[in-house]
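Undergrad: File input-v5.pdb below, PDB, C-alpha atoms:
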```pdb
ATOM      1  CA  MET S   1      -4.127 -20.048 -18.228
ATOM      2  CA  VAL S   2      -1.190 -22.417 -17.653
ATOM      3  CA  LEU S   3      -3.508 -25.222 -16.562
ATOM      4  CA  ALA S   4      -5.825 -24.700 -19.529
ATOM      5  CA  VAL S   5      -2.925 -24.693 -22.007
ATOM      6  CA  THR S   6      -1.492 -27.793 -20.296
ATOM      7  CA  VAL S   7      -4.630 -29.810 -20.999
ATOM      8  CA  LEU S   8      -4.969 -28.390 -24.524
ATOM      9  CA  PHE S   9      -1.351 -29.066 -25.531
ATOM     10  CA  GLN S  10      -1.376 -32.550 -24.003
ATOM     11  CA  ARG S  11      -4.320 -33.476 -26.228
ATOM     12  CA  ILE S  12      -3.437 -31.858 -29.553
ATOM     13  CA  MET S  13       0.178 -30.608 -29.471
ATOM     14  CA  PHE S  14       2.514 -33.130 -27.822
ATOM     15  CA  ARG S  15       3.182 -36.692 -28.984
ATOM     16  CA  ASN S  16       2.376 -39.405 -26.414
ATOM     17  CA  ALA S  17       2.978 -37.047 -23.461
ATOM     18  CA  THR S  18       1.426 -37.324 -20.025
ATOM     19  CA  LEU S  19      -0.369 -34.483 -18.343
ATOM     20  CA  PHE S  20       2.585 -34.005 -16.010
ATOM     21  CA  TRP S  21       5.050 -33.673 -18.879
ATOM     22  CA  SER S  22       2.731 -31.233 -20.634
ATOM     23  CA  PHE S  23       2.512 -29.128 -17.493
ATOM     24  CA  LEU S  24       6.306 -29.006 -17.111
ATOM     25  CA  SER S  25       6.746 -28.076 -20.772
ATOM     26  CA  VAL S  26       4.158 -25.282 -20.652
ATOM     27  CA  LEU S  27       5.555 -23.963 -17.384
ATOM     28  CA  GLY S  28       9.080 -24.105 -18.793
ATOM     29  CA  SER S  29       8.042 -22.125 -21.870
ATOM     30  CA  ILE S  30       7.119 -19.204 -19.592
ATOM     31  CA  PHE S  31      10.706 -19.306 -18.303
ATOM     32  CA  THR S  32      12.036 -19.170 -21.906
ATOM     33  CA  GLN S  33      12.641 -22.923 -22.192
ATOM     34  CA  ALA S  34      12.159 -24.666 -25.534
ATOM     35  CA  LEU S  35       9.154 -26.907 -26.194
ATOM     36  CA  GLU S  36      10.012 -30.386 -27.459
ATOM     37  CA  ASN S  37       8.069 -33.364 -28.822
ATOM     38  CA  VAL S  38       5.658 -31.070 -30.697
ATOM     39  CA  ARG S  39       3.505 -32.263 -33.580
ATOM     40  CA  ASP S  40       4.127 -30.238 -36.726
ATOM     41  CA  SER S  41       1.212 -28.910 -38.770
ATOM     42  CA  PRO S  42       0.218 -25.436 -40.073
ATOM     43  CA  TRP S  43      -2.626 -24.800 -37.608
ATOM     44  CA  ARG S  44      -0.530 -26.164 -34.708
ATOM     45  CA  ARG S  45       2.203 -23.686 -35.651
ATOM     46  CA  ILE S  46      -0.326 -20.841 -35.309
ATOM     47  CA  LEU S  47      -1.420 -22.122 -31.909
ATOM     48  CA  PHE S  48       2.194 -22.644 -30.884
ATOM     49  CA  GLY S  49       3.177 -19.096 -31.956
ATOM     50  CA  LEU S  50       0.191 -17.607 -30.141
ATOM     51  CA  TRP S  51       1.173 -19.320 -26.906
ATOM     52  CA  LEU S  52       4.830 -18.267 -27.245
ATOM     53  CA  THR S  53       3.669 -14.646 -27.661
ATOM     54  CA  ILE S  54       1.515 -14.870 -24.532
ATOM     55  CA  ALA S  55       4.330 -16.511 -22.581
ATOM     56  CA  ALA S  56       6.803 -13.811 -23.670
ATOM     57  CA  VAL S  57       4.424 -11.022 -22.596
ATOM     58  CA  MET S  58       3.778 -12.712 -19.247
ATOM     59  CA  THR S  59       7.506 -13.038 -18.582
ATOM     60  CA  PHE S  60       8.154  -9.465 -19.644
ATOM     61  CA  LEU S  61       5.474  -8.030 -17.344
ATOM     62  CA  TYR S  62       6.680 -10.173 -14.453
ATOM     63  CA  ASN S  63      10.276  -9.025 -14.917
ATOM     64  CA  ILE S  64       9.229  -5.360 -15.047
ATOM     65  CA  ASN S  65       7.219  -5.588 -11.824
ATOM     66  CA  PHE S  66       9.794  -7.689 -10.008
ATOM     67  CA  LEU S  67      12.722  -5.474 -10.986
ATOM     68  CA  SER S  68      10.836  -2.313 -10.035
ATOM     69  CA  PHE S  69      10.113  -3.911  -6.668
ATOM     70  CA  LEU S  70      13.789  -4.759  -6.169
ATOM     71  CA  THR S  71      14.987  -1.241  -6.990
ATOM     72  CA  MET S  72      12.785   0.433  -4.346
ATOM     73  CA  PRO S  73      12.949  -0.162  -0.591
ATOM     74  CA  VAL S  74       9.935  -1.668   1.075
ATOM     75  CA  LYS S  75       7.622   1.075   2.382
ATOM     76  CA  VAL S  76       6.785   0.943   6.047
ATOM     77  CA  PRO S  77       3.006   0.554   6.448
ATOM     78  CA  VAL S  78       1.238   3.538   8.031
ATOM     79  CA  PRO S  79      -1.435   2.898  10.705
ATOM     80  CA  LYS S  80      -4.838   3.488   9.122
ATOM     81  CA  SER S  81      -7.046   3.004  12.182
ATOM     82  CA  PHE S  82      -6.918   3.554  15.926
ATOM     83  CA  GLU S  83      -6.457  -0.164  16.469
ATOM     84  CA  GLU S  84      -3.381  -0.242  14.225
ATOM     85  CA  LEU S  85      -2.094   2.972  15.820
ATOM     86  CA  SER S  86      -2.540   1.530  19.313
ATOM     87  CA  LYS S  87      -0.604  -1.619  18.390
ATOM     88  CA  ALA S  88       2.177   0.460  16.804
ATOM     89  CA  VAL S  89       2.424   2.723  19.870
ATOM     90  CA  LEU S  90       2.438  -0.178  22.353
ATOM     91  CA  SER S  91       5.148  -1.952  20.345
ATOM     92  CA  GLY S  92       7.330   1.174  20.399
ATOM     93  CA  LYS S  93       7.218   1.795  16.647
ATOM     94  CA  TYR S  94       5.155   5.000  16.905
ATOM     95  CA  LYS S  95       4.463   7.801  19.304
ATOM     96  CA  CYS S  96       1.159   9.660  19.355
ATOM     97  CA  LEU S  97       0.812  13.345  20.300
ATOM     98  CA  THR S  98      -2.260  15.168  21.590
ATOM     99  CA  PRO S  99      -2.825  18.961  21.770
ATOM    100  CA  ILE S 100      -2.169  20.728  25.066
ATOM    101  CA  GLY S 101      -5.320  21.848  26.869
ATOM    102  CA  THR S 102      -7.722  19.344  25.304
ATOM    103  CA  ILE S 103      -9.634  16.457  26.849
ATOM    104  CA  ASP S 104      -8.451  13.915  24.293
ATOM    105  CA  ILE S 105      -6.552  11.851  26.883
ATOM    106  CA  ASP S 106      -9.590  11.761  29.201
ATOM    107  CA  LEU S 107     -11.773  10.605  26.326
ATOM    108  CA  LEU S 108      -9.264   7.897  25.424
ATOM    109  CA  HIS S 109      -9.149   6.728  29.049
ATOM    110  CA  GLY S 110     -12.920   6.647  29.262
ATOM    111  CA  SER S 111     -13.343   4.550  26.156
ATOM    112  CA  HIS S 112     -14.817   1.072  26.561
ATOM    113  CA  ILE S 113     -12.620  -0.161  23.707
ATOM    114  CA  ASP S 114      -9.508  -1.804  25.114
ATOM    115  CA  TYR S 115      -6.987  -0.680  22.499
ATOM    116  CA  VAL S 116      -8.243   2.918  22.658
ATOM    117  CA  ALA S 117      -7.851   3.009  26.447
ATOM    118  CA  LYS S 118      -4.345   1.547  26.198
ATOM    119  CA  LEU S 119      -3.457   4.222  23.659
ATOM    120  CA  GLY S 120      -4.551   6.917  26.135
ATOM    121  CA  GLU S 121      -2.467   5.313  28.904
ATOM    122  CA  ALA S 122       0.635   5.289  26.682
ATOM    123  CA  ILE S 123       0.151   8.957  25.742
ATOM    124  CA  GLU S 124      -0.292  10.011  29.380
ATOM    125  CA  LYS S 125       2.648   7.916  30.584
ATOM    126  CA  ASN S 126       5.065   9.409  28.035
ATOM    127  CA  ASP S 127       3.542  12.927  28.220
ATOM    128  CA  TRP S 128       3.190  13.152  24.446
ATOM    129  CA  LYS S 129       1.731  16.628  23.870
ATOM    130  CA  TYR S 130       2.190  19.490  21.453
ATOM    131  CA  SER S 131       1.130  23.117  21.203
ATOM    132  CA  TYR S 132      -0.649  24.839  18.318
ATOM    133  CA  SER S 133       1.587  27.857  18.909
ATOM    134  CA  LYS S 134       4.565  25.959  17.462
ATOM    135  CA  ASP S 135       5.069  24.788  13.920
ATOM    136  CA  ILE S 136       3.289  21.444  13.862
ATOM    137  CA  ALA S 137       5.075  20.345  10.697
ATOM    138  CA  ASP S 138       8.325  20.162  12.675
ATOM    139  CA  LEU S 139       6.839  17.508  14.965
ATOM    140  CA  PHE S 140       6.453  14.916  12.257
ATOM    141  CA  ASP S 141       8.896  12.297  11.171
ATOM    142  CA  ASP S 142       8.413   8.748   9.980
ATOM    143  CA  SER S 143       7.054   7.478  13.301
ATOM    144  CA  VAL S 144       4.873  10.241  14.755
ATOM    145  CA  ALA S 145       1.083  10.538  14.750
ATOM    146  CA  THR S 146      -1.124  13.289  16.166
ATOM    147  CA  ILE S 147      -4.727  13.442  17.276
ATOM    148  CA  THR S 148      -6.332  16.589  15.925
ATOM    149  CA  SER S 149      -9.445  17.711  14.095
ATOM    150  CA  ARG S 150      -9.673  17.312  10.345
ATOM    151  CA  LYS S 151     -10.144  21.053   9.855
ATOM    152  CA  SER S 152      -7.082  21.827  11.961
ATOM    153  CA  PHE S 153      -5.125  19.296   9.943
ATOM    154  CA  GLN S 154      -6.134  20.951   6.678
ATOM    155  CA  PHE S 155      -5.476  24.419   8.075
ATOM    156  CA  PHE S 156      -1.901  23.663   9.153
ATOM    157  CA  PHE S 157      -0.851  21.279   6.388
ATOM    158  CA  GLY S 158      -3.056  22.159   3.433
ATOM    159  CA  SER S 159      -5.009  19.886   1.140
ATOM    160  CA  PRO S 160      -3.839  17.060  -1.143
ATOM    161  CA  PRO S 161      -1.732  16.800  -3.247
ATOM    162  CA  TYR S 162       0.393  19.324  -1.346
ATOM    163  CA  VAL S 163       0.053  17.665   2.042
ATOM    164  CA  ARG S 164       2.934  15.319   2.835
ATOM    165  CA  VAL S 165       1.435  13.481   5.792
ATOM    166  CA  LYS S 166      -1.291  10.835   5.818
ATOM    167  CA  MET S 167      -4.721  11.608   7.212
ATOM    168  CA  SER S 168      -6.535   8.755   8.913
ATOM    169  CA  ASP S 169      -9.807   7.520   7.457
ATOM    170  CA  GLU S 170     -11.148   6.755  10.946
ATOM    171  CA  TYR S 171     -12.679   9.342  13.269
ATOM    172  CA  PHE S 172     -12.082   9.386  17.011
ATOM    173  CA  ARG S 173     -14.905  11.739  17.792
ATOM    174  CA  ILE S 174     -17.256  14.139  15.999
ATOM    175  CA  TRP S 175     -17.455  17.651  17.426
ATOM    176  CA  ASN S 176     -20.395  19.971  16.808
ATOM    177  CA  MET S 177     -19.716  23.698  16.462
ATOM    178  CA  GLY S 178     -22.130  26.545  17.044
ATOM    179  CA  ILE S 179     -22.479  30.264  17.662
ATOM    180  CA  ALA S 180     -23.352  31.473  21.175
ATOM    181  CA  LEU S 181     -26.228  33.975  21.224
ATOM    182  CA  LYS S 182     -27.833  36.057  23.930
ATOM    183  CA  LYS S 183     -31.247  35.020  25.175
ATOM    184  CA  GLU S 184     -32.657  38.365  24.045
ATOM    185  CA  PHE S 185     -31.406  37.914  20.471
ATOM    186  CA  CYS S 186     -34.373  38.505  18.190
ATOM    187  CA  CYS S 187     -33.337  36.940  14.903
ATOM    188  CA  SER S 188     -32.089  33.422  15.734
ATOM    189  CA  GLU S 189     -34.341  31.736  13.170
ATOM    190  CA  GLN S 190     -33.294  34.109  10.410
ATOM    191  CA  LEU S 191     -29.629  33.592  11.362
ATOM    192  CA  ASN S 192     -30.052  29.828  11.254
ATOM    193  CA  ASP S 193     -31.601  30.079   7.788
ATOM    194  CA  VAL S 194     -28.712  32.190   6.521
ATOM    195  CA  LEU S 195     -26.071  29.873   8.025
ATOM    196  CA  LEU S 196     -27.816  26.820   6.604
ATOM    197  CA  SER S 197     -27.863  28.410   3.160
ATOM    198  CA  ILE S 198     -24.153  29.274   3.390
ATOM    199  CA  ILE S 199     -23.193  25.753   4.458
ATOM    200  CA  SER S 200     -25.533  23.986   2.022
ATOM    201  CA  GLY S 201     -24.259  26.072  -0.881
ATOM    202  CA  GLY S 202     -20.631  25.158  -0.121
ATOM    203  CA  LEU S 203     -19.617  28.775   0.512
ATOM    204  CA  TYR S 204     -18.048  27.933   3.868
ATOM    205  CA  GLU S 205     -15.967  25.110   2.402
ATOM    206  CA  GLU S 206     -14.866  27.345  -0.463
ATOM    207  CA  TRP S 207     -13.877  30.120   1.937
ATOM    208  CA  PHE S 208     -11.997  27.684   4.146
ATOM    209  CA  GLU S 209     -10.055  26.232   1.209
ATOM    210  CA  LEU S 210      -9.082  29.724   0.052
ATOM    211  CA  GLN S 211      -7.890  30.653   3.540
ATOM    212  CA  VAL S 212      -5.853  27.466   3.811
ATOM    213  CA  PHE S 213      -4.290  27.998   0.396
ATOM    214  CA  ALA S 214      -3.484  31.663   1.086
ATOM    215  CA  GLY S 215      -2.030  30.828   4.485
ATOM    216  CA  THR S 216       0.301  28.104   3.190
ATOM    217  CA  LEU S 217       1.199  29.546  -0.213
ATOM    218  CA  HIS S 218       4.299  31.387   0.982
ATOM    219  CA  LYS S 219       5.565  28.208   2.674
ATOM    220  CA  ARG S 220       5.169  26.243  -0.521
ATOM    221  CA  LEU S 221       7.002  28.884  -2.550
ATOM    222  CA  LYS S 222       9.971  28.699  -0.183
ATOM    223  CA  LEU S 223      10.264  24.935  -0.536
ATOM    224  CA  GLN S 224      12.946  23.766  -2.912
ATOM    225  CA  HIS S 225      12.355  20.662  -4.945
ATOM    226  CA  GLU S 226      14.712  17.903  -3.926
ATOM    227  CA  GLU S 227      14.936  14.436  -5.327
ATOM    228  CA  PRO S 228      14.522  11.996  -2.439
ATOM    229  CA  GLU S 229      17.547   9.822  -1.811
ATOM    230  CA  ILE S 230      16.388   6.291  -1.130
ATOM    231  CA  GLN S 231      18.933   3.666  -0.167
ATOM    232  CA  LEU S 232      18.548  -0.073  -0.298
ATOM    233  CA  THR S 233      19.407  -1.766   2.984
ATOM    234  CA  LEU S 234      20.258  -5.372   3.782
ATOM    235  CA  GLN S 235      16.718  -5.794   5.053
ATOM    236  CA  ASP S 236      15.392  -4.811   1.618
ATOM    237  CA  LEU S 237      17.752  -7.221  -0.158
ATOM    238  CA  LYS S 238      17.074 -10.170   2.144
ATOM    239  CA  LEU S 239      13.964 -11.394   0.321
ATOM    240  CA  PRO S 240      15.367 -11.138  -3.255
ATOM    241  CA  PHE S 241      18.500 -13.082  -2.313
ATOM    242  CA  PHE S 242      16.412 -15.675  -0.491
ATOM    243  CA  VAL S 243      14.253 -16.156  -3.596
ATOM    244  CA  LEU S 244      17.384 -16.361  -5.758
ATOM    245  CA  PHE S 245      19.047 -19.069  -3.656
ATOM    246  CA  VAL S 246      15.807 -21.049  -3.382
ATOM    247  CA  GLY S 247      15.560 -20.958  -7.168
ATOM    248  CA  TYR S 248      19.161 -22.146  -7.501
ATOM    249  CA  ALA S 249      18.463 -24.980  -5.062
ATOM    250  CA  PHE S 250      15.416 -26.124  -7.052
ATOM    251  CA  ALA S 251      17.329 -25.865 -10.329
ATOM    252  CA  PHE S 252      20.216 -27.924  -8.954
ATOM    253  CA  GLY S 253      17.806 -30.518  -7.581
ATOM    254  CA  PHE S 254      16.035 -30.921 -10.920
ATOM    255  CA  PHE S 255      19.408 -31.069 -12.659
ATOM    256  CA  LEU S 256      20.449 -34.016 -10.488
ATOM    257  CA  LEU S 257      17.076 -35.659 -11.075
ATOM    258  CA  GLU S 258      17.503 -35.314 -14.827
ATOM    259  CA  VAL S 259      21.065 -36.657 -14.810
ATOM    260  CA  LEU S 260      20.468 -39.606 -12.483
ATOM    261  CA  SER S 261      17.048 -40.667 -13.798
ATOM    262  CA  PRO S 262      16.469 -42.848 -16.886
ATOM    263  CA  LYS S 263      16.099 -41.175 -20.225
ATOM    264  CA  ARG S 264      12.408 -41.968 -20.483
ATOM    265  CA  LEU S 265      10.132 -41.956 -17.437
ATOM    266  CA  ASP S 266       6.585 -43.245 -17.348
ATOM    267  CA  ILE S 267       5.442 -40.041 -15.696
ATOM    268  CA  PHE S 268       6.563 -38.073 -18.757
ATOM    269  CA  TYR S 269       5.437 -40.296 -21.653
ATOM    270  CA  SER S 270       2.325 -42.382 -22.076
TER     271      SER S 270
END
```
Go ahead and express the file in the form of structure tokens.
TA:
Amino acid sequence: MVLAVTVLFQRIMFRNATLFWSFLSVLGSIFTQALENVRDSPWRRILFGLWLTIAAVMTFLYNINFLSFLTMPVKVPVPKSFEELSKAVLSGKYKCLTPIGTIDIDLLHGSHIDYVAKLGEAIEKNDWKYSYSKDIADLFDDSVATITSRKSFQFFFGSPPYVRVKMSDEYFRIWNMGIALKKEFCCSEQLNDVLLSIISGGLYEEWFELQVFAGTLHKRLKLQHEEPEIQLTLQDLKLPFFVLFVGYAFAFGFFLLEVLSPKRLDIFYS
């Protein structure tokens, strides 16, 4: 938009101005600087007012987004895949827990993917394990991940929006579940038909969601709403101050250029 307005204003709005001068004037108008050397006519006033409105809205939206960014600390990115988790664990930023009594570590070791195997080595070396008999929610803080099934995750933590931990979009392994029957069982085909109907109709999912909700309802009722206290650190303020001082340096440089240069430069006027 700035480039298009630069060409348009250089041709019909400014008097004897170069393209470079037009660009500086249009860019300066976004930063609430006045436009000079403008031809005066009724239809040019309409065009000029339209551009000033657009520039004011652009500046307003930029200030809102920038100020909202400055008032909130930068969020630490959460690993979304096993590759990101492996890098975070190897760098010491995260620790990854596996359930006691499972073969997850053996499966990680046996993987032909390098970062998955390294993740298994780190878990085994640090003996990162947990038990389902304990409250799993107490294991989590800002730098802990667990390997568990999606159903177990939903059973212990609930479903969104109540869940307060992030579930990975990537699967480590898909497990098939079944019912063990005796060889002499007579009605296996009929049982399969009934189970297929229950699963296809969504009755199992509905029952599971109700069980999860009933099991975690009393925990949710005991929770007291607390406003999170978020503090800005020097690390969060480093970038805004850097941008501020860079802007001051550019402003001072252009100020010296304007003071020491001749009143009229060929690059500004044609």
Undergrad: Using the chain letters and residue numbers of this document, give as a PyMOL selection string the residues selected by the PyMOL selection byres ((chain S and resi 97-107) around 8).
TA: chain S and resi 95-96+108-111+120-121+123-124+128-132+144-148
Undergrad: Given the choices S:Leu139, S:Met1, S:Leu196, S:Leu90, which gets closest to Leu119 (chain S) if the distance is worked out from all atoms listed in the file?
TA: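 That would be S:Leu90, the residue with the smallest distance to Leu119 (chain S).
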Undergrad: Kindly resolve the PyMOL selection byres ((chain S and resi 6) around 9) on the present coordinates and return the residues as a list in words.
TA: Met1, Val2, Leu3, Ala4, Val5, Val7, Leu8, Phe9, Gln10, Arg11, Leu19, Phe20, Trp21, Ser22, Phe23, Leu24, Ser25, Val26 and Leu27 of chain S
Undergrad: Hey, can you check how far CA of Val78 (chain S) sits from CA of Trp175 (chain S)?
TA: 25.2 Å
Undergrad: Figure out the distance between CA of Phe250 (chain S) and CA of Asn16 (chain S), please, to one decimal in Å.
TA: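 CA of Phe250 (chain S) lies 26.9 Å from CA of Asn16 (chain S).
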Undergrad: Using all atoms listed in the file, which of the listed residues (S:Gln33, S:Ser143, S:Ser261, S:Thr53) sits closest to Tyr94 (chain S)?
TA: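 Nearest candidate to Tyr94 (chain S) out of S:Gln33, S:Ser143, S:Ser261, S:Thr53: S:Ser143.
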Undergrad: Please measure the separation of CA of Arg150 (chain S) and CA of Leu181 (chain S), giving the value in Å to one decimal.
TA: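 Pair CA of Arg150 (chain S) / CA of Leu181 (chain S) returns 25.9 Å.
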